[in-house]
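**Q** What follows is run-v3.pdb, made up of PDB, C-alpha atoms and all ligand atoms:
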```
ATOM      1  CA  MET A   2     160.779 113.324 128.315
ATOM      2  CA  ALA A   3     160.890 110.020 126.504
ATOM      3  CA  GLU A   4     163.604 107.643 127.609
ATOM      4  CA  ASP A   5     165.847 105.873 125.135
ATOM      5  CA  PHE A   6     166.760 102.259 125.639
ATOM      6  CA  THR A   7     169.910 100.779 124.154
ATOM      7  CA  TYR A   8     170.409  97.048 123.865
ATOM      8  CA  LYS A   9     173.543  95.250 122.837
ATOM      9  CA  ILE A  10     172.954  92.330 120.516
ATOM     10  CA  LEU A  11     175.648  89.928 119.342
ATOM     11  CA  ILE A  12     175.639  88.248 115.955
ATOM     12  CA  LEU A  13     177.427  84.912 116.155
ATOM     13  CA  GLY A  14     178.095  82.115 113.722
ATOM     14  CA  ASP A  15     180.664  80.593 111.381
ATOM     15  CA  MET A  16     182.252  82.458 108.534
ATOM     16  CA  SER A  17     180.043  83.016 105.466
ATOM     17  CA  VAL A  18     176.737  82.063 107.094
ATOM     18  CA  GLY A  19     175.475  85.567 106.271
ATOM     19  CA  LYS A  20     175.890  87.528 109.507
ATOM     20  CA  THR A  21     176.940  90.778 107.853
ATOM     21  CA  SER A  22     174.349  90.339 105.089
ATOM     22  CA  LEU A  23     171.584  89.947 107.674
ATOM     23  CA  LEU A  24     172.685  93.082 109.503
ATOM     24  CA  VAL A  25     172.873  95.098 106.315
ATOM     25  CA  ARG A  26     169.475  93.778 105.264
ATOM     26  CA  PHE A  27     167.939  94.713 108.603
ATOM     27  CA  CYS A  28     169.601  98.131 108.920
ATOM     28  CA  ARG A  29     169.515  99.296 105.298
ATOM     29  CA  ASN A  30     167.104  96.894 103.613
ATOM     30  CA  VAL A  31     169.519  95.938 100.852
ATOM     31  CA  PHE A  32     171.408  92.813  99.833
ATOM     32  CA  ASN A  33     174.790  92.973  98.155
ATOM     33  CA  GLN A  34     176.229  89.695  96.888
ATOM     34  CA  ASN A  35     179.763  91.080  97.027
ATOM     35  CA  ILE A  36     179.599  92.519 100.472
ATOM     36  CA  MET A  37     182.858  93.936 101.733
ATOM     37  CA  GLN A  38     184.775  91.590 103.987
ATOM     38  CA  SER A  39     185.412  93.790 106.926
ATOM     39  CA  SER A  40     188.099  92.874 109.350
ATOM     40  CA  GLY A  41     187.973  93.003 113.093
ATOM     41  CA  LEU A  42     184.775  93.871 114.874
ATOM     42  CA  SER A  43     182.177  96.321 113.755
ATOM     43  CA  PHE A  44     178.808  97.419 114.935
ATOM     44  CA  LEU A  45     175.730  98.936 113.420
ATOM     45  CA  PRO A  46     173.115 100.895 115.328
ATOM     46  CA  LYS A  47     169.447 100.594 114.447
ATOM     47  CA  GLU A  48     166.649 102.562 115.978
ATOM     48  CA  ILE A  49     163.233 100.966 116.205
ATOM     49  CA  SER A  50     159.999 101.631 118.025
ATOM     50  CA  ILE A  51     158.426  99.135 120.395
ATOM     51  CA  ASP A  52     154.963  99.983 121.663
ATOM     52  CA  GLY A  53     155.678 103.671 121.176
ATOM     53  CA  GLU A  54     159.029 103.581 122.926
ATOM     54  CA  ASN A  55     162.329 104.312 121.182
ATOM     55  CA  VAL A  56     164.763 101.458 121.297
ATOM     56  CA  ILE A  57     168.289 101.516 119.916
ATOM     57  CA  LEU A  58     169.825  98.224 118.964
ATOM     58  CA  ALA A  59     173.592  98.108 119.015
ATOM     59  CA  LEU A  60     174.244  95.212 116.652
ATOM     60  CA  TRP A  61     177.734  93.742 117.019
ATOM     61  CA  ASP A  62     179.098  91.869 114.052
ATOM     62  CA  THR A  63     182.091  89.563 114.006
ATOM     63  CA  ALA A  64     184.485  89.161 111.114
ATOM     64  CA  ALA A  65     187.767  87.553 110.265
ATOM     65  CA  THR A  66     188.190  86.046 113.699
ATOM     66  CA  GLU A  67     185.387  83.489 113.261
ATOM     67  CA  ALA A  68     187.724  80.776 112.068
ATOM     68  CA  PHE A  69     190.010  81.084 115.046
ATOM     69  CA  ARG A  70     187.393  81.687 117.711
ATOM     70  CA  SER A  71     189.734  84.284 119.098
ATOM     71  CA  ILE A  72     187.003  86.774 119.719
ATOM     72  CA  ASN A  73     187.854  89.266 122.373
ATOM     73  CA  LYS A  74     185.928  88.686 125.573
ATOM     74  CA  SER A  75     184.900  92.329 125.655
ATOM     75  CA  TYR A  76     182.807  91.598 122.596
ATOM     76  CA  TYR A  77     180.432  89.485 124.684
ATOM     77  CA  ARG A  78     180.337  91.625 127.789
ATOM     78  CA  GLY A  79     177.074  93.365 128.596
ATOM     79  CA  ALA A  80     175.116  91.724 125.788
ATOM     80  CA  HIS A  81     171.332  91.681 126.131
ATOM     81  CA  GLY A  82     170.708  89.021 123.530
ATOM     82  CA  VAL A  83     172.242  86.821 120.863
ATOM     83  CA  ILE A  84     171.476  86.269 117.196
ATOM     84  CA  MET A  85     172.962  82.869 116.373
ATOM     85  CA  VAL A  86     173.229  82.392 112.620
ATOM     86  CA  PHE A  87     173.827  79.262 110.576
ATOM     87  CA  ASP A  88     173.610  78.490 106.867
ATOM     88  CA  GLN A  89     170.949  75.918 105.942
ATOM     89  CA  SER A  90     172.985  74.860 102.919
ATOM     90  CA  ASN A  91     176.013  73.943 105.071
ATOM     91  CA  ILE A  92     175.363  71.497 107.904
ATOM     92  CA  LYS A  93     178.754  72.115 109.511
ATOM     93  CA  THR A  94     177.611  75.613 110.425
ATOM     94  CA  PHE A  95     174.625  74.102 112.244
ATOM     95  CA  TYR A  96     176.818  71.693 114.215
ATOM     96  CA  SER A  97     179.046  74.485 115.454
ATOM     97  CA  ILE A  98     176.233  76.360 117.192
ATOM     98  CA  PRO A  99     176.802  74.775 120.651
ATOM     99  CA  SER A 100     180.446  75.837 120.790
ATOM    100  CA  TRP A 101     179.523  79.419 119.919
ATOM    101  CA  ILE A 102     176.905  79.495 122.628
ATOM    102  CA  THR A 103     179.230  77.914 125.175
ATOM    103  CA  GLU A 104     181.855  80.522 124.504
ATOM    104  CA  ALA A 105     179.368  83.376 124.720
ATOM    105  CA  GLN A 106     177.849  82.043 127.911
ATOM    106  CA  ASP A 107     181.174  82.152 129.657
ATOM    107  CA  ILE A 108     180.611  85.873 129.608
ATOM    108  CA  ILE A 109     176.934  86.623 129.228
ATOM    109  CA  ASN A 110     174.235  85.399 131.557
ATOM    110  CA  ILE A 111     172.529  82.172 130.747
ATOM    111  CA  ASP A 112     169.140  83.899 130.960
ATOM    112  CA  LYS A 113     169.711  86.135 127.938
ATOM    113  CA  PRO A 114     167.485  85.336 124.949
ATOM    114  CA  ILE A 115     169.105  83.426 122.097
ATOM    115  CA  PHE A 116     167.510  83.524 118.658
ATOM    116  CA  VAL A 117     168.635  81.040 116.036
ATOM    117  CA  LEU A 118     168.411  82.321 112.469
ATOM    118  CA  ALA A 119     168.414  79.583 109.841
ATOM    119  CA  ASN A 120     169.709  81.719 106.975
ATOM    120  CA  LYS A 121     169.700  81.274 103.179
ATOM    121  CA  CYS A 122     166.229  79.737 103.084
ATOM    122  CA  ASP A 123     166.086  80.986  99.481
ATOM    123  CA  LEU A 124     168.509  78.176  98.511
ATOM    124  CA  THR A 125     165.725  75.595  98.671
ATOM    125  CA  GLU A 126     167.543  73.093  96.397
ATOM    126  CA  LYS A 127     170.657  73.105  98.546
ATOM    127  CA  VAL A 128     169.241  72.809 102.054
ATOM    128  CA  GLU A 129     171.365  70.325 104.034
ATOM    129  CA  VAL A 130     169.902  70.594 107.507
ATOM    130  CA  PRO A 131     166.601  68.760 108.048
ATOM    131  CA  LYS A 132     163.852  71.028 109.306
ATOM    132  CA  ASP A 133     162.851  68.743 112.185
ATOM    133  CA  MET A 134     166.468  68.517 113.344
ATOM    134  CA  ILE A 135     166.616  72.313 113.604
ATOM    135  CA  GLU A 136     163.256  72.518 115.332
ATOM    136  CA  GLU A 137     164.086  69.791 117.842
ATOM    137  CA  PHE A 138     167.449  71.409 118.644
ATOM    138  CA  CYS A 139     165.915  74.836 119.216
ATOM    139  CA  PHE A 140     162.967  73.490 121.168
ATOM    140  CA  SER A 141     165.091  71.432 123.566
ATOM    141  CA  ASN A 142     167.464  74.343 124.210
ATOM    142  CA  GLN A 143     164.736  76.978 124.395
ATOM    143  CA  TYR A 144     166.103  78.982 121.500
ATOM    144  CA  THR A 145     163.659  80.920 119.373
ATOM    145  CA  LEU A 146     163.918  79.851 115.734
ATOM    146  CA  PHE A 147     163.450  81.960 112.605
ATOM    147  CA  ASN A 148     163.770  80.759 109.031
ATOM    148  CA  VAL A 149     165.303  83.722 107.175
ATOM    149  CA  SER A 150     166.977  84.933 104.000
ATOM    150  CA  ALA A 151     169.191  87.989 103.869
ATOM    151  CA  LYS A 152     168.956  87.748 100.103
ATOM    152  CA  THR A 153     165.173  88.016  99.775
ATOM    153  CA  GLY A 154     164.727  89.742 103.125
ATOM    154  CA  PHE A 155     162.319  87.040 104.267
ATOM    155  CA  ASN A 156     161.663  87.214 108.029
ATOM    156  CA  VAL A 157     164.800  89.261 108.773
ATOM    157  CA  SER A 158     163.116  92.273 110.252
ATOM    158  CA  ALA A 159     160.630  90.030 112.068
ATOM    159  CA  ALA A 160     163.436  88.127 113.793
ATOM    160  CA  PHE A 161     165.408  91.174 114.975
ATOM    161  CA  THR A 162     162.286  93.028 116.050
ATOM    162  CA  GLU A 163     161.006  90.058 118.035
ATOM    163  CA  LEU A 164     164.338  89.711 119.842
ATOM    164  CA  ALA A 165     164.251  93.425 120.676
ATOM    165  CA  ARG A 166     160.710  93.015 121.951
ATOM    166  CA  VAL A 167     161.649  90.091 124.213
ATOM    167  CA  ILE A 168     164.643  92.010 125.622
ATOM    168  CA  HIS A 169     162.590  95.160 126.151
ATOM    169  CA  LYS A 170     159.754  93.266 127.843
ATOM    170  CA  ASN A 171     162.142  91.611 130.322
ATOM    171  CA  LYS A 172     164.234  94.675 131.033
TER     172      LYS A 172
HETATM  173  P1  LIG A 201     179.398  86.384 107.211
HETATM  174  O1  LIG A 201     180.792  85.915 106.977
HETATM  175  O2  LIG A 201     178.678  85.483 108.168
HETATM  176  O3  LIG A 201     179.309  87.821 107.600
HETATM  177  O4  LIG A 201     178.616  86.198 105.823
HETATM  178  P2  LIG A 201     178.372  87.282 104.672
HETATM  179  O5  LIG A 201     177.249  88.185 105.044
HETATM  180  O6  LIG A 201     179.653  87.897 104.279
HETATM  181  O7  LIG A 201     177.825  86.327 103.510
HETATM  182  C1  LIG A 201     178.611  85.277 102.980
HETATM  183  C2  LIG A 201     178.131  84.917 101.584
HETATM  184  O8  LIG A 201     176.802  84.378 101.623
HETATM  185  C3  LIG A 201     178.041  86.138 100.649
HETATM  186  O9  LIG A 201     178.420  85.751  99.366
HETATM  187  C4  LIG A 201     176.571  86.502 100.687
HETATM  188  O10 LIG A 201     176.172  87.149  99.506
HETATM  189  C5  LIG A 201     175.914  85.136 100.832
HETATM  190  N1  LIG A 201     174.612  85.217 101.531
HETATM  191  C6  LIG A 201     174.352  85.801 102.722
HETATM  192  N2  LIG A 201     173.064  85.670 103.051
HETATM  193  C7  LIG A 201     172.478  84.957 102.049
HETATM  194  C8  LIG A 201     171.144  84.474 101.812
HETATM  195  O11 LIG A 201     170.202  84.670 102.583
HETATM  196  N3  LIG A 201     170.949  83.749 100.666
HETATM  197  C9  LIG A 201     171.951  83.509  99.774
HETATM  198  N4  LIG A 201     171.648  82.808  98.688
HETATM  199  N5  LIG A 201     173.222  83.941  99.972
HETATM  200  C10 LIG A 201     173.477  84.655 101.089
HETATM  201 MG    MG A 202     180.778  89.224 108.019
END
```
Output the structure of this file as structure tokens.

**A**
Amino acid sequence: MAEDFTYKILILGDMSVGKTSLLVRFCRNVFNQNIMQSSGLSFLPKEISIDGENVILALWDTAATEAFRSINKSYYRGAHGVIMVFDQSNIKTFYSIPSWITEAQDIINIDKPIFVLANKCDLTEKVEVPKDMIEEFCFSNQYTLFNVSAKTGFNVSAAFTELARVIHKNK
């Protein structure tokens, strides 16, 4: 009988960077400009296939608490990987990445893969974060970088699937 694998993935990042939009894009392949502001924590499951094996991704979204960083520690516990999101049109959201990672790494192991998703790449006119700054930051910290847009769907599925693949390979 085929075995199912379930991996817990955390979506971190400042408010309004597009965390929920990315999840909804990946899980349902839609984009809704007026996405409902959920409160508290929520999670979406997504089943994918990796090399013929069934993998279930338990995608944990954060909401409302972002501003206060009062995320419950149980949110981080047992995570297999992290999707760290920032908004390319708002440099402050890029600068807050290290504090998110530091908080998460109090709980999760340092060896868990961290993928940085530079979201809203469709807003080409408004990009505030220089490309080489992002690349240098990710390279020196060994984070995998994806340029994405929840709005157009660009690279979203590629990023989540690659993270799942890395987790599954190292299981
Ligand atoms: P969250 O607070 O991180 O969950 O962010 P949301 O998913 O709620 O998105 C915040 C705002 O950014 C919403 O108005 C979204 O429609 C918008 N948004 C999210 N992703 C994108 C994107 O890729 N491109 C553009 N242009 N807007 C986006
Ligand atoms: Mg949200």

**Q** If you apply the PyMOL selection byres (((chain A and resi 106-109) around 10) and not hetatm) to this file, what residues do you get, as a short mmCIF file (atom, residue, chain, number, x, y, z; two decimals) with C-alpha atoms, in the frame of the given file?

**A**
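Contents of result15.cif, freshly written:
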```
data_model
loop_
_atom_site.label_atom_id
_atom_site.label_comp_id
_atom_site.auth_asym_id
_atom_site.auth_seq_id
_atom_site.Cartn_x
_atom_site.Cartn_y
_atom_site.Cartn_z
CA LYS A 74 185.93 88.69 125.57
CA SER A 75 184.90 92.33 125.66
CA TYR A 76 182.81 91.60 122.60
CA TYR A 77 180.43 89.48 124.68
CA ARG A 78 180.34 91.62 127.79
CA GLY A 79 177.07 93.36 128.60
CA ALA A 80 175.12 91.72 125.79
CA HIS A 81 171.33 91.68 126.13
CA GLY A 82 170.71 89.02 123.53
CA VAL A 83 172.24 86.82 120.86
CA SER A 100 180.45 75.84 120.79
CA TRP A 101 179.52 79.42 119.92
CA ILE A 102 176.90 79.50 122.63
CA THR A 103 179.23 77.91 125.18
CA GLU A 104 181.86 80.52 124.50
CA ALA A 105 179.37 83.38 124.72
CA ASN A 110 174.24 85.40 131.56
CA ILE A 111 172.53 82.17 130.75
CA ASP A 112 169.14 83.90 130.96
CA LYS A 113 169.71 86.14 127.94
#
```

**Q** Give me the region 21-136 of chain A side of the contact with region 140-163 of chain A, cut-off 7 Å, one line per residue showing its nearest atom pair and distance in Å at one decimal, counting all atoms listed in the file, sorted by chain and residue number, as a tab-separated table.

**A**
```
residue	atom	partner	partner_atom	distance
A:Ser22	CA	A:Ala151	CA	5.8
A:Leu23	CA	A:Ala151	CA	4.9
A:Arg26	CA	A:Ala151	CA	6.0
A:Phe27	CA	A:Ser158	CA	5.7
A:Phe32	CA	A:Lys152	CA	5.6
A:Ile115	CA	A:Tyr144	CA	5.4
A:Phe116	CA	A:Thr145	CA	4.7
A:Val117	CA	A:Leu146	CA	4.9
A:Leu118	CA	A:Phe147	CA	5.0
A:Ala119	CA	A:Asn148	CA	4.9
A:Asn120	CA	A:Val149	CA	4.8
A:Lys121	CA	A:Ser150	CA	4.6
A:Cys122	CA	A:Ser150	CA	5.3
A:Asp123	CA	A:Ser150	CA	6.1
A:Glu136	CA	A:Phe140	CA	5.9
```

**Q** With distances taken over all atoms listed in the file, which residue among A:Leu164, A:Met134, A:Ala59, A:Leu124 lies nearest ligand LIG 201 (chain A)?

**A**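 That would be A:Leu124, the residue with the smallest distance to ligand LIG 201 (chain A).
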
**Q** Quick check on the file I pasted: which residues fall under the PyMOL selection byres (((chain A and resi 48) around 12) and not hetatm)? Write them as number ranges by chain.

**A** A: 5-8, 27-29, 45-47, 49-51, 54-60, 161-162, 165

**Q** Taking all atoms listed in the file into account, name the residue in A:Leu24, A:Val18, A:Ile12, A:Ile92 that is nearest to ligand LIG 201 (chain A).

**A**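 That would be A:Val18, the residue with the smallest distance to ligand LIG 201 (chain A).
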
**Q** What gap, in Å, lies between CA of Asp133 (chain A) and CA of His169 (chain A)?

**A**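 Atom-to-atom, CA of Asp133 (chain A) and CA of His169 (chain A) are spaced 29.9 Å apart.
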
**Q** Return the single residue from A:Asp62, A:Glu137, A:Asp52, A:Glu126 that is closest to ligand LIG 201 (chain A), with distances computed using only C-alpha atoms and all ligand atoms.

**A**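 Smallest distance to ligand LIG 201 (chain A) is found for A:Asp62.
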
**Q** Specify the axis-aligned box that encloses all atoms of ligand LIG 201 (chain A) listed in the file after padding of 4 Å on each side, stating its centre and edge lengths in Å to one decimal as JSON.

**A**
```
{"center_x": 175.5, "center_y": 85.5, "center_z": 103.4, "size_x": 18.6, "size_y": 13.4, "size_z": 17.5}
```

**Q** So how far away is CA of Ile10 (chain A) from CA of Thr63 (chain A), in Å?

**A**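 Computing the Euclidean distance for CA of Thr63 (chain A) and CA of Ile10 (chain A) yields 11.6 Å.
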
**Q** Calculated over only C-alpha atoms and all ligand atoms, which of the candidates A:Asn171, A:Ser43, A:Asn30, A:Thr94 has the smallest distance to ligand MG 202 (chain A)?

**A**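 Result for the nearest residue to ligand MG 202 (chain A): A:Ser43.
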
**Q** Under the rule that all atoms listed in the file are counted, which of A:Thr125, A:Ile98, A:Pro114, A:Leu11 is the nearest residue to ligand LIG 201 (chain A)?

**A**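 The closest residue to ligand LIG 201 (chain A) is A:Thr125.
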
**Q** Quick one: residues within 6 Å of Ser90 (chain A), all atoms listed in the file counted, chain neighbours fewer than 2 positions away excluded, as an mmCIF file with C-alpha atoms, in the coordinates of the input?

**A**
```cif
data_model
loop_
_atom_site.group_PDB
_atom_site.id
_atom_site.type_symbol
_atom_site.label_atom_id
_atom_site.label_comp_id
_atom_site.auth_asym_id
_atom_site.auth_seq_id
_atom_site.Cartn_x
_atom_site.Cartn_y
_atom_site.Cartn_z
ATOM 1 C CA ASP A 88 173.610 78.490 106.867
ATOM 2 C CA LYS A 127 170.657 73.105 98.546
ATOM 3 C CA VAL A 128 169.241 72.809 102.054
ATOM 4 C CA GLU A 129 171.365 70.325 104.034
#
```

**Q** Nearest to ligand LIG 201 (chain A) among A:Gln34, A:Phe95, A:Val25, A:Leu13, with distances taken over all atoms listed in the file: which residue is it?

**A**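 Closest to ligand LIG 201 (chain A) of all the choices is A:Gln34.
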
**Q** What does the structure give for the distance between CA of Lys93 (chain A) and atom O10 of ligand LIG 201 (chain A), in Å to one decimal?

**A** 18.2 Å
